[in-house]
2 protein chains.
Amino acid sequence: MSKFGLYGKITARSGQRDALVAVLLEAAAMMQFVPRCELYIVNNSATEPDAVWVTEVWSSPADHEASLLRDETKTLIERGMPLIAGGERIEIVPIGGKGLPTDYR
Amino acid sequence: MSKFGLYGKITARSGQRDALVAVLLEAAAMMQFVPRCELYIVNNSATEPDAVWVTEVWSSPADHEASLLRDETKTLIERGMPLIAGGERIEIVPIGGKGLPTDYR
């Protein structure tokens with residue numbers, strides 16, 4: 001089974017990026033207790049003042065899907081939604097490298 | 001000093017993605033010995049059959065710049081170049097989360 005990776009771009013409503021980042025860092029803290037979430041890093045865009053990118057790696061696509069159904073996740077999504085103007089996602093299949101907690105190569 | 005992050009998209013010449021991935025995994029193996037390279041993960045695009053994405057996190061922008069001047073890096077870039085049709089990059093500023101080897105939050 002392949003891992004599942006995601007670069008998720010979230011564009012905050014004007015002036016709301018810091019508030020959005022705070023919610024996403026709470027999500028990241030929650031992920032410390034989700035072993036099959038291997039990576040969840042919150043980043044500001046270096047070029048777009050309202051944009052945030054989240055780097056995610058999951059042990060499988062099903063693990064990512066399951067996380068969206070957790071009550072804690074739904075609560076955080078509800079809190080984040082009023083801060084969000086839009087988004088896009090880039091889906092990737094992690095192969096190997098430095099920094100994957102479980103490195104098959 | 002902020003960390004420096006990069007999503008680097010590399011589009012291989014037709015049919016050359018696996019060969020390109022092999023070179024990038026060699027680069028990733030080299031990064032195990034570069035302590036201020038915190039993350040270097042090689043991923044296939046899930047949607048574009050010739051595209052590879054590399055997720056990089058460096059302790060600072062200067063550490064990334066310095067890595068490009070290493071002889072080992074130049075040798076790998078020379079080997080990769082004939083396999084490459086194009087590319088683009090998304091620059092990010094990592095803030096925190098799960099999976100950063102040095103986590104300030």
# chains A, B, ... in the order shown; residues from 1 in each chain; ligands from 1

$ residues_around --residues "Pro82 of chain B" --least-positions-apart "5" --cutoff "10 Å" --atoms "only C-alpha atoms" --output "NGL selection string"
:B and (12-13 or 16 or 20 or 77)

$ interface_residues --of "chain B" --to "chain A" --cutoff "9 Å" --atoms "only C-alpha atoms" --output "VMD selection string"
chain B and resid 5 7 21 24 to 29 31 to 32 37 to 47 52 to 53 55 90 to 101 105

$ select_by_dssp --residues "chain A" --states "strand (DSSP E)" --output "PyMOL selection string"
chain A and resi 4-12+37-45+51-58+84-98

$ select_by_dssp --residues "segment 48-90 of chain B" --states "helix (DSSP H, G or I)" --output "JSON, numbers by chain"
{"B": [61, 62, 63, 64, 65, 66, 67, 68, 71, 72, 73, 74, 75, 76, 77, 78, 79, 80, 81, 82, 83]}

$ closest_residue --among "A:Met81, A:Leu69, A:Leu76, A:Ile10" --to "Pro49 of chain A" --atoms "only C-alpha atoms"
A:Ile10
